[in-house]
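File shown: protein14.pdb. Contents: PDB, C-alpha atoms and all ligand atoms.
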```pdb
ATOM      1  CA  MET A 168     100.385  81.578 115.626
ATOM      2  CA  ARG A 169     102.131  78.608 114.027
ATOM      3  CA  VAL A 170      99.724  75.958 112.817
ATOM      4  CA  ASP A 171     100.358  72.223 113.059
ATOM      5  CA  LEU A 172      98.908  70.903 109.807
ATOM      6  CA  ILE A 173      98.448  67.373 111.106
ATOM      7  CA  LYS A 174      96.691  68.422 114.292
ATOM      8  CA  ILE A 175      94.310  70.704 112.413
ATOM      9  CA  LYS A 176      93.013  67.719 110.452
ATOM     10  CA  GLU A 177      92.418  65.632 113.554
ATOM     11  CA  ASP A 178      91.381  68.012 116.281
ATOM     12  CA  ASN A 179      88.265  70.143 115.870
ATOM     13  CA  ASP A 180      88.925  72.299 118.946
ATOM     14  CA  TYR A 181      92.371  73.088 117.597
ATOM     15  CA  LEU A 182      90.878  74.052 114.220
ATOM     16  CA  LEU A 183      88.487  76.414 116.013
ATOM     17  CA  GLU A 184      91.389  77.935 117.941
ATOM     18  CA  CYS A 185      93.253  78.538 114.655
ATOM     19  CA  LYS A 186      90.160  80.073 113.032
ATOM     20  CA  ASN A 187      89.633  82.430 115.961
ATOM     21  CA  TYR A 188      93.262  83.482 115.904
ATOM     22  CA  PHE A 189      93.032  84.086 112.147
ATOM     23  CA  HIS A 190      89.905  86.219 112.433
ATOM     24  CA  GLU A 191      91.291  88.274 115.311
ATOM     25  CA  ASN A 192      94.848  88.761 114.075
ATOM     26  CA  GLY A 193      94.521  88.300 110.321
ATOM     27  CA  TYR A 194      97.314  85.807 109.801
ATOM     28  CA  LEU A 195      98.607  82.305 110.495
ATOM     29  CA  ILE A 196     101.991  80.731 109.872
ATOM     30  CA  SER A 197     102.724  77.156 108.886
ATOM     31  CA  ASN A 198     105.246  75.303 106.791
ATOM     32  CA  ILE A 199     105.666  73.329 103.586
ATOM     33  CA  LYS A 200     107.338  70.058 104.469
ATOM     34  CA  ASN A 201     108.418  69.481 100.892
ATOM     35  CA  ILE A 202     111.692  71.437 100.833
ATOM     36  CA  SER A 203     112.703  69.816  97.555
ATOM     37  CA  LEU A 204     109.788  71.649  95.897
ATOM     38  CA  ILE A 205     111.157  74.930  97.266
ATOM     39  CA  ASN A 206     114.653  74.078  95.949
ATOM     40  CA  GLU A 207     113.163  73.232  92.579
ATOM     41  CA  ILE A 208     111.427  76.636  92.356
ATOM     42  CA  ASN A 209     114.651  78.485  93.167
ATOM     43  CA  GLU A 210     116.553  76.485  90.561
ATOM     44  CA  ASN A 211     113.847  76.858  87.917
ATOM     45  CA  ILE A 212     113.589  80.611  88.430
ATOM     46  CA  GLN A 213     117.352  81.039  88.268
ATOM     47  CA  ASN A 214     117.486  79.009  85.058
ATOM     48  CA  HIS A 215     114.650  81.054  83.618
ATOM     49  CA  LEU A 216     116.450  84.306  84.420
ATOM     50  CA  ASN A 217     119.741  82.964  83.033
ATOM     51  CA  SER A 218     117.987  82.002  79.818
ATOM     52  CA  LYS A 219     117.259  85.710  79.286
ATOM     53  CA  ARG A 220     113.695  84.942  78.269
ATOM     54  CA  ASP A 221     111.233  87.731  78.926
ATOM     55  CA  ILE A 222     109.682  87.953  82.355
ATOM     56  CA  LYS A 223     106.332  89.545  83.095
ATOM     57  CA  THR A 224     106.412  92.015  85.973
ATOM     58  CA  ASN A 225     103.962  94.168  87.901
ATOM     59  CA  PRO A 226     103.436  97.639  86.401
ATOM     60  CA  LYS A 227     106.198 100.110  87.216
ATOM     61  CA  ILE A 228     103.936 102.106  89.511
ATOM     62  CA  PHE A 229     103.863  99.150  91.905
ATOM     63  CA  HIS A 230     107.651  98.838  92.088
ATOM     64  CA  TYR A 231     109.428 100.648  94.909
ATOM     65  CA  ASN A 232     112.948  99.604  93.973
ATOM     66  CA  GLU A 233     114.829  98.059  91.053
ATOM     67  CA  SER A 234     114.204  94.430  91.928
ATOM     68  CA  PRO A 235     111.527  92.906  89.674
ATOM     69  CA  ARG A 236     108.208  91.572  90.980
ATOM     70  CA  ILE A 237     107.876  88.639  88.607
ATOM     71  CA  VAL A 238     104.226  87.819  87.965
ATOM     72  CA  GLU A 239     102.421  84.736  86.653
ATOM     73  CA  MET A 240     105.501  82.495  86.599
ATOM     74  CA  TRP A 241     103.138  79.569  87.232
ATOM     75  CA  LYS A 242     102.392  79.654  83.511
ATOM     76  CA  GLU A 243     106.046  78.966  82.691
ATOM     77  CA  ILE A 244     107.295  76.947  85.657
ATOM     78  CA  LYS A 245     105.500  73.877  86.956
ATOM     79  CA  SER A 246     107.045  74.023  90.433
ATOM     80  CA  VAL A 247     105.718  77.590  90.946
ATOM     81  CA  LYS A 248     102.260  76.320  90.066
ATOM     82  CA  ASN A 249     102.668  73.282  92.334
ATOM     83  CA  LEU A 250     103.368  75.584  95.258
ATOM     84  CA  ALA A 251     100.359  77.804  94.443
ATOM     85  CA  ILE A 252      98.074  74.738  94.511
ATOM     86  CA  HIS A 253      99.938  72.891  97.281
ATOM     87  CA  GLN A 254      97.528  70.600  99.100
ATOM     88  CA  ASP A 255      98.495  71.775 102.601
ATOM     89  CA  ILE A 256      97.861  75.422 101.686
ATOM     90  CA  ILE A 257      94.590  74.597  99.972
ATOM     91  CA  TYR A 258      93.451  72.444 102.890
ATOM     92  CA  LEU A 259      94.187  75.196 105.395
ATOM     93  CA  LEU A 260      92.384  77.852 103.319
ATOM     94  CA  LEU A 261      89.405  75.563 102.833
ATOM     95  CA  SER A 262      89.265  74.953 106.599
ATOM     96  CA  LEU A 263      89.409  78.670 107.353
ATOM     97  CA  TYR A 264      86.895  79.913 104.760
ATOM     98  CA  ALA A 265      84.639  76.858 104.250
ATOM     99  CA  LYS A 266      84.678  77.574 100.506
ATOM    100  CA  LYS A 267      86.924  76.174  97.792
ATOM    101  CA  PRO A 268      89.970  78.425  97.203
ATOM    102  CA  ILE A 269      90.605  79.836  93.728
ATOM    103  CA  PRO A 270      94.346  80.444  93.346
ATOM    104  CA  PHE A 271      95.363  83.331  91.083
ATOM    105  CA  SER A 272      98.161  85.853  90.573
ATOM    106  CA  THR A 273     101.552  84.538  91.668
ATOM    107  CA  ILE A 274     104.434  86.925  92.318
ATOM    108  CA  ASN A 275     108.018  85.752  92.733
ATOM    109  CA  PHE A 276     110.451  88.012  94.526
ATOM    110  CA  LEU A 277     114.244  87.918  94.333
ATOM    111  CA  LYS A 278     114.735  90.754  96.803
ATOM    112  CA  GLY A 279     112.594  92.751  99.210
ATOM    113  CA  THR A 280     109.974  95.020  97.649
ATOM    114  CA  GLU A 281     110.212  97.915 100.148
ATOM    115  CA  GLN A 282     106.490  98.332  99.523
ATOM    116  CA  PRO A 283     104.644 100.582 101.999
ATOM    117  CA  LEU A 284     101.859  99.137 104.139
ATOM    118  CA  HIS A 285      98.705  98.329 102.188
ATOM    119  CA  SER A 286      95.873  95.860 102.073
ATOM    120  CA  ASP A 287      95.519  93.566  99.055
ATOM    121  CA  TYR A 288      91.780  94.064  99.407
ATOM    122  CA  PHE A 289      92.272  97.461  97.751
ATOM    123  CA  HIS A 290      93.246  95.424  94.656
ATOM    124  CA  PHE A 291      91.112  92.288  94.907
ATOM    125  CA  ALA A 292      87.672  92.545  96.497
ATOM    126  CA  THR A 293      84.556  90.382  96.531
ATOM    127  CA  LYS A 294      80.856  90.641  97.086
ATOM    128  CA  PRO A 295      79.983  89.442  99.693
ATOM    129  CA  ASP A 296      83.025  91.054 101.300
ATOM    130  CA  GLY A 297      86.184  89.409 102.520
ATOM    131  CA  TYR A 298      86.796  86.402 100.275
ATOM    132  CA  LEU A 299      90.469  87.051  99.647
ATOM    133  CA  ALA A 300      93.591  85.560 101.174
ATOM    134  CA  GLY A 301      97.274  85.800 100.353
ATOM    135  CA  VAL A 302      99.901  83.161 101.002
ATOM    136  CA  TRP A 303     103.512  84.325 101.238
ATOM    137  CA  VAL A 304     106.089  81.541 101.143
ATOM    138  CA  ALA A 305     109.722  81.936 102.218
ATOM    139  CA  LEU A 306     111.889  80.243  99.576
ATOM    140  CA  GLU A 307     114.967  80.763 101.743
ATOM    141  CA  ASP A 308     115.586  81.750 105.383
ATOM    142  CA  ILE A 309     114.494  85.374 105.448
ATOM    143  CA  HIS A 310     117.115  87.698 106.884
ATOM    144  CA  GLU A 311     116.070  90.766 108.887
ATOM    145  CA  ASP A 312     118.314  92.996 106.719
ATOM    146  CA  SER A 313     116.758  91.817 103.442
ATOM    147  CA  GLY A 314     113.558  93.894 103.640
ATOM    148  CA  PRO A 315     111.385  91.197 105.215
ATOM    149  CA  LEU A 316     107.611  90.939 104.982
ATOM    150  CA  THR A 317     105.872  93.027 107.637
ATOM    151  CA  ILE A 318     102.286  92.782 108.908
ATOM    152  CA  VAL A 319      99.985  94.727 111.219
ATOM    153  CA  PRO A 320      98.188  92.148 113.374
ATOM    154  CA  GLY A 321      94.497  92.955 113.855
ATOM    155  CA  SER A 322      94.367  95.513 111.014
ATOM    156  CA  ASN A 323      92.280  93.009 109.048
ATOM    157  CA  ASN A 324      89.362  94.186 111.180
ATOM    158  CA  LEU A 325      89.679  97.859 110.184
ATOM    159  CA  PRO A 326      86.942  99.131 107.842
ATOM    160  CA  TYR A 327      87.550  98.425 104.160
ATOM    161  CA  VAL A 328      88.954 101.361 102.215
ATOM    162  CA  TRP A 329      87.397 102.310  98.854
ATOM    163  CA  LEU A 330      87.873 105.158  96.383
ATOM    164  CA  ASP A 331      84.626 106.416  97.998
ATOM    165  CA  THR A 332      86.361 106.535 101.405
ATOM    166  CA  LEU A 333      89.206 108.595  99.952
ATOM    167  CA  GLY A 334      86.944 110.851  97.871
ATOM    168  CA  LEU A 335      88.724 109.764  94.672
ATOM    169  CA  GLU A 336      87.362 109.235  91.169
ATOM    170  CA  ILE A 337      87.832 106.138  89.005
ATOM    171  CA  PRO A 338      91.182 106.676  87.231
ATOM    172  CA  LYS A 339      91.320 107.457  83.517
ATOM    173  CA  ASN A 340      95.013 106.747  82.972
ATOM    174  CA  LYS A 341      98.194 105.432  84.637
ATOM    175  CA  ASN A 342      98.929 108.803  86.142
ATOM    176  CA  ASP A 343      95.544 108.859  87.877
ATOM    177  CA  ILE A 344      96.147 105.329  89.187
ATOM    178  CA  LYS A 345      99.515 106.305  90.665
ATOM    179  CA  ASN A 346      98.092 109.486  92.208
ATOM    180  CA  ASN A 347      95.140 107.626  93.713
ATOM    181  CA  TYR A 348      97.401 104.903  95.036
ATOM    182  CA  THR A 349      99.762 107.403  96.634
ATOM    183  CA  LYS A 350      96.770 109.028  98.371
ATOM    184  CA  TYR A 351      95.719 105.582  99.573
ATOM    185  CA  GLU A 352      99.202 104.923 100.989
ATOM    186  CA  GLU A 353      99.159 108.275 102.777
ATOM    187  CA  TYR A 354      95.746 107.473 104.232
ATOM    188  CA  ILE A 355      97.098 104.167 105.575
ATOM    189  CA  LYS A 356     100.098 105.948 107.133
ATOM    190  CA  LYS A 357      97.698 108.273 108.932
ATOM    191  CA  ILE A 358      95.544 105.353 110.139
ATOM    192  CA  MET A 359      98.680 103.684 111.542
ATOM    193  CA  ILE A 360      99.463 106.814 113.569
ATOM    194  CA  ASP A 361      95.889 107.669 114.608
ATOM    195  CA  LYS A 362      95.146 104.154 115.804
ATOM    196  CA  LYS A 363      98.649 103.615 117.225
ATOM    197  CA  LEU A 364      99.007 100.351 115.328
ATOM    198  CA  THR A 365     102.239  98.403 115.468
ATOM    199  CA  VAL A 366     104.127  96.544 112.793
ATOM    200  CA  LEU A 367     105.283  92.964 113.277
ATOM    201  CA  THR A 368     108.103  91.365 111.294
ATOM    202  CA  PRO A 369     107.561  87.618 111.543
ATOM    203  CA  LYS A 370     110.728  85.565 111.308
ATOM    204  CA  LEU A 371     110.200  83.148 108.458
ATOM    205  CA  LYS A 372     112.454  80.233 107.646
ATOM    206  CA  LYS A 373     112.756  78.473 104.308
ATOM    207  CA  GLY A 374     109.515  76.578 103.629
ATOM    208  CA  GLU A 375     107.449  78.547 106.123
ATOM    209  CA  PHE A 376     104.426  80.386 104.808
ATOM    210  CA  LEU A 377     102.190  83.107 106.149
ATOM    211  CA  ILE A 378      98.497  83.228 105.257
ATOM    212  CA  TRP A 379      97.010  86.695 105.438
ATOM    213  CA  SER A 380      93.338  87.432 105.435
ATOM    214  CA  ALA A 381      91.726  89.900 103.024
ATOM    215  CA  ASN A 382      92.179  93.227 104.711
ATOM    216  CA  ILE A 383      95.352  92.892 106.786
ATOM    217  CA  LEU A 384      97.894  95.674 106.307
ATOM    218  CA  HIS A 385     101.268  94.393 105.201
ATOM    219  CA  GLY A 386     104.341  95.573 103.355
ATOM    220  CA  ALA A 387     108.079  95.145 103.499
ATOM    221  CA  GLY A 388     110.894  96.672 105.510
ATOM    222  CA  GLU A 389     113.857  98.595 104.169
ATOM    223  CA  ILE A 390     116.642  96.543 102.573
ATOM    224  CA  LYS A 391     119.527  97.256 104.933
ATOM    225  CA  ASN A 392     121.947  94.898 103.249
ATOM    226  CA  LYS A 393     121.785  95.776  99.562
ATOM    227  CA  ASN A 394     123.367  92.447  98.576
ATOM    228  CA  SER A 395     120.820  90.286 100.343
ATOM    229  CA  THR A 396     118.319  88.201  98.441
ATOM    230  CA  ARG A 397     114.793  87.498  99.684
ATOM    231  CA  PHE A 398     113.546  84.626  97.553
ATOM    232  CA  SER A 399     109.826  84.325  98.144
ATOM    233  CA  GLN A 400     106.553  83.639  96.375
ATOM    234  CA  VAL A 401     103.106  85.021  97.023
ATOM    235  CA  THR A 402      99.862  83.621  95.640
ATOM    236  CA  HIS A 403      96.436  85.204  96.057
ATOM    237  CA  TYR A 404      93.235  83.258  96.596
ATOM    238  CA  HIS A 405      89.602  84.131  96.099
ATOM    239  CA  PHE A 406      86.897  81.624  97.016
ATOM    240  CA  GLU A 407      84.155  79.943  94.994
ATOM    241  CA  GLY A 408      80.601  81.181  95.063
ATOM    242  CA  CYS A 409      80.927  84.968  95.337
ATOM    243  CA  GLU A 410      78.523  87.135  93.408
ATOM    244  CA  LYS A 411      81.286  89.500  92.241
ATOM    245  CA  TYR A 412      85.065  89.634  92.106
ATOM    246  CA  PHE A 413      86.279  93.157  91.438
ATOM    247  CA  ASN A 414      89.122  95.649  91.441
ATOM    248  CA  PRO A 415      88.542  98.488  93.955
ATOM    249  CA  LEU A 416      91.059 100.681  92.105
ATOM    250  CA  PHE A 417      88.323 100.936  89.416
ATOM    251  CA  THR A 418      85.239 100.849  91.637
ATOM    252  CA  ARG A 419      82.967 103.520  93.093
ATOM    253  CA  LEU A 420      80.420 101.835  95.309
ATOM    254  CA  ASP A 421      78.205 104.915  95.622
ATOM    255  CA  GLN A 422      77.933 105.148  91.820
ATOM    256  CA  ASN A 423      77.372 101.393  91.584
ATOM    257  CA  LYS A 424      80.385 101.181  89.235
ATOM    258  CA  TYR A 425      82.463  98.045  89.650
ATOM    259  CA  GLY A 426      85.761  97.142  88.004
ATOM    260  CA  GLU A 427      84.646  93.523  87.662
ATOM    261  CA  ARG A 428      87.180  90.763  87.110
ATOM    262  CA  ASP A 429      86.742  87.644  85.039
ATOM    263  CA  LEU A 430      88.221  85.075  87.391
ATOM    264  CA  ASN A 431      88.217  82.408  84.714
ATOM    265  CA  ALA A 432      90.793  84.442  82.826
ATOM    266  CA  ILE A 433      93.211  84.495  85.738
ATOM    267  CA  ARG A 434      92.568  81.424  87.903
ATOM    268  CA  ILE A 435      95.346  78.857  88.248
ATOM    269  CA  PRO A 436      93.935  75.456  87.317
ATOM    270  CA  TYR A 437      94.319  72.643  89.849
ATOM    271  CA  GLY A 438      95.038  70.112  87.128
TER     272      GLY A 438
HETATM  273  O1  LIG B 501     106.605  90.606  99.644
HETATM  274  C1  LIG B 501     106.450  91.789  99.887
HETATM  275  O2  LIG B 501     107.400  92.521 100.108
HETATM  276  C2  LIG B 501     105.067  92.366  99.886
HETATM  277  C3  LIG B 501     104.349  91.956  98.668
HETATM  278  C4  LIG B 501     102.933  92.330  98.681
HETATM  279  O3  LIG B 501     102.422  92.826  99.589
HETATM  280  C5  LIG B 501     102.087  92.076  97.539
HETATM  281  O4  LIG B 501     102.589  91.617  96.532
HETATM  282  O5  LIG B 501     100.886  92.328  97.635
HETATM  283 FE    FE B 502     100.251  93.014  99.244
END
```
How does the structure come out when it is put into structure tokens?
Ligand SMILES: O=C(O)CCC(=O)C(=O)O
Ligand SMILES: [Fe+2]
Amino acid sequence: MRVDLIKIKEDNDYLLECKNYFHENGYLISNIKNISLINEINENIQNHLNSKRDIKTNPKIFHYNESPRIVEMWKEIKSVKNLAIHQDIIYLLLSLYAKKPIPFSTINFLKGTEQPLHSDYFHFATKPDGYLAGVWVALEDIHEDSGPLTIVPGSNNLPYVWLDTLGLEIPKNKNDIKNNYTKYEEYIKKIMIDKKLTVLTPKLKKGEFLIWSANILHGAGEIKNKNSTRFSQVTHYHFEGCEKYFNPLFTRLDQNKYGERDLNAIRIPYG
């Protein structure tokens, strides 16, 4: 469903309709009107890459091809931060969750990730459950051959998956993490087949963004045109007032062991 950001502010019934859609399907699409901000990000990132300064990327185990997943660029580039804290995105998240969003962890993509289906909740969980959202912004018109973002509508309502669910121990090293994560990905593949779930590839134009709720399965398609770019930025959001924010990759609920996160160390300041 595509959300009209003006109508949502003025029409309570419409807001309710959007909320219901979000809870049932796990996603909403809207758009950033400020295209010059998007242009600025693209230019700033290109300049940063040309300058040959170091970039921080996700660990290798979370790369599925050669294209870098550039993390935490908001610390270097103001426009990346301005998109992460964009008032329209924050307003929409606040309306959907009735708690103040806490932006954290930006990733900028140059090309598709070819990442298998997964839920970000297996990385970023909360107690009480469910206070996580992701916002994926198209920084150019996304071509179907470029390995576009894919989602599984309704999968947000599947049970959460934990190391407990998979019968896996808390990892002791990188190898354990990779092995656990591969088992997780296989489990998700099986769920997709068993429950006959279908993948949707939303068509996203430059400036459009997709909000996904905590547990929705998403990933990226194969890059069919190896020369195609897929400029995009994702930001994750927790919400104020949770008792715990934690990393399920290092959590065993039955042993009451939590990989707790210090949000203050990673949150993106509004100011
Ligand atoms: O943009 C993509 O290809 C998927 C990225 C993603 O799912 C993530 O970073 O969590
Ligand atoms: Fe993800």
Here is a test: counting all atoms listed in the file, which residue of A:Leu182, A:Val401, A:Val247, A:Leu216 is nearest to ligand FE 502 (chain B)?
A:Val401
Test item: residues at most 6 Å from Trp379 of chain A, only C-alpha atoms, excluding those fewer than 4 positions along its chain, as a ChimeraX atom specification
/A:193-194,300-301
Chain and number of each residue from the PyMOL selection byres (((not hetatm)) within 7 of (chain B and resi 502)), as a ChimeraX atom specification:
/A:285-287,385-386
When you look at Lys200 of chain A with a cut-off of 12 Å (counting only C-alpha atoms), what residues show up, excluding the ones that are within fewer than 4 positions of it in the same chain? I need them as number ranges by chain.
A: 171-173, 204-206, 250, 253-256, 372-376
Once the PyMOL selection byres (((chain A and resi 435) around 6) and not hetatm) is applied to the coordinates I shared, what remains selected? I want it as a ChimeraX atom specification.
/A:270-271,434,436
Kindly work out which residues sit at most 8 Å from ligand LIG 501 (chain B), using all atoms listed in the file, and give the list as number ranges by chain.
A: 236, 274, 276, 279-282, 284-287, 301, 303, 314-317, 385-388, 399-401
Return as AutoDock Vina command-line options the box centre and box size in Å, one decimal, for an axis-aligned box around all listed atoms of segment 366-382 of chain A padded by 5 Å per side.
```
--center_x 102.2 --center_y 86.6 --center_z 108.2 --size_x 31.0 --size_y 30.0 --size_z 20.3
```
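When the PyMOL selection byres (((chain A and resi 348) around 10) and not hetatm) is evaluated on the file shown here, the picked residues come out as Ile228, Phe229, His285, Phe289, Leu330, Leu335, Asn342, Asp343, Ile344, Lys345, Asn346, Asn347, Thr349, Lys350, Tyr351, Glu352, Glu353, Tyr354 and Leu416 of chain A.
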Have a look at atom CA of Glu410 of chain A and atom CA of Glu184 of chain A and let me know their distance in Å, one decimal.
29.2 Å
Pick from A:Asp178, A:Glu307, A:Asp221, A:Asp296: nearest to Thr396 of chain A, with only C-alpha atoms counted?
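Distance minimum relative to Thr396 of chain A lands on A:Glu307.
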Counting all atoms listed in the file, what is within 8 Å of Arg428 of chain A, bar same-chain residues fewer than 2 positions away, as a ChimeraX atom specification?
/A:411-414,426,430
Point-to-point distance in Å for atom CA of Asn192 of chain A and atom CA of Lys363 of chain A
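About the pair atom CA of Lys363 of chain A and atom CA of Asn192 of chain A: they are 15.7 Å apart.
Between atom CA of Ser197 of chain A and atom CA of Leu377 of chain A the separation is 6.6 Å.
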Polymer residues at most 12 Å from segment 418-423 of chain A, only C-alpha atoms, same-chain spacing of 5 or more positions, as an MDAnalysis selection string:
chainID A and resid 289:294 327:338 412:413 428
From the set A:Asn382, A:Ser262, A:Asn340, A:Ser272, which residue has the shortest atom-to-atom contact distance to Val319 of chain A, counting all atoms listed in the file?
A:Asn382
Nearest-residue call for Glu311 of chain A, choices A:Leu367, A:Leu259, A:Ile390, A:Ile360, using all atoms listed in the file
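Of all the options, A:Ile390 lies closest to Glu311 of chain A.
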Top pick for closest residue to Ala251 of chain A, considering A:Tyr288, A:Tyr425, A:Tyr404, A:Phe417 and counting all atoms listed in the file
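Checking each candidate against Ala251 of chain A, we get A:Tyr404 as the closest.
Nearest residue to Leu306 of chain A among A:Ile199, A:Ala432, A:Val366, A:Leu263 is A:Ile199, counting only C-alpha atoms.
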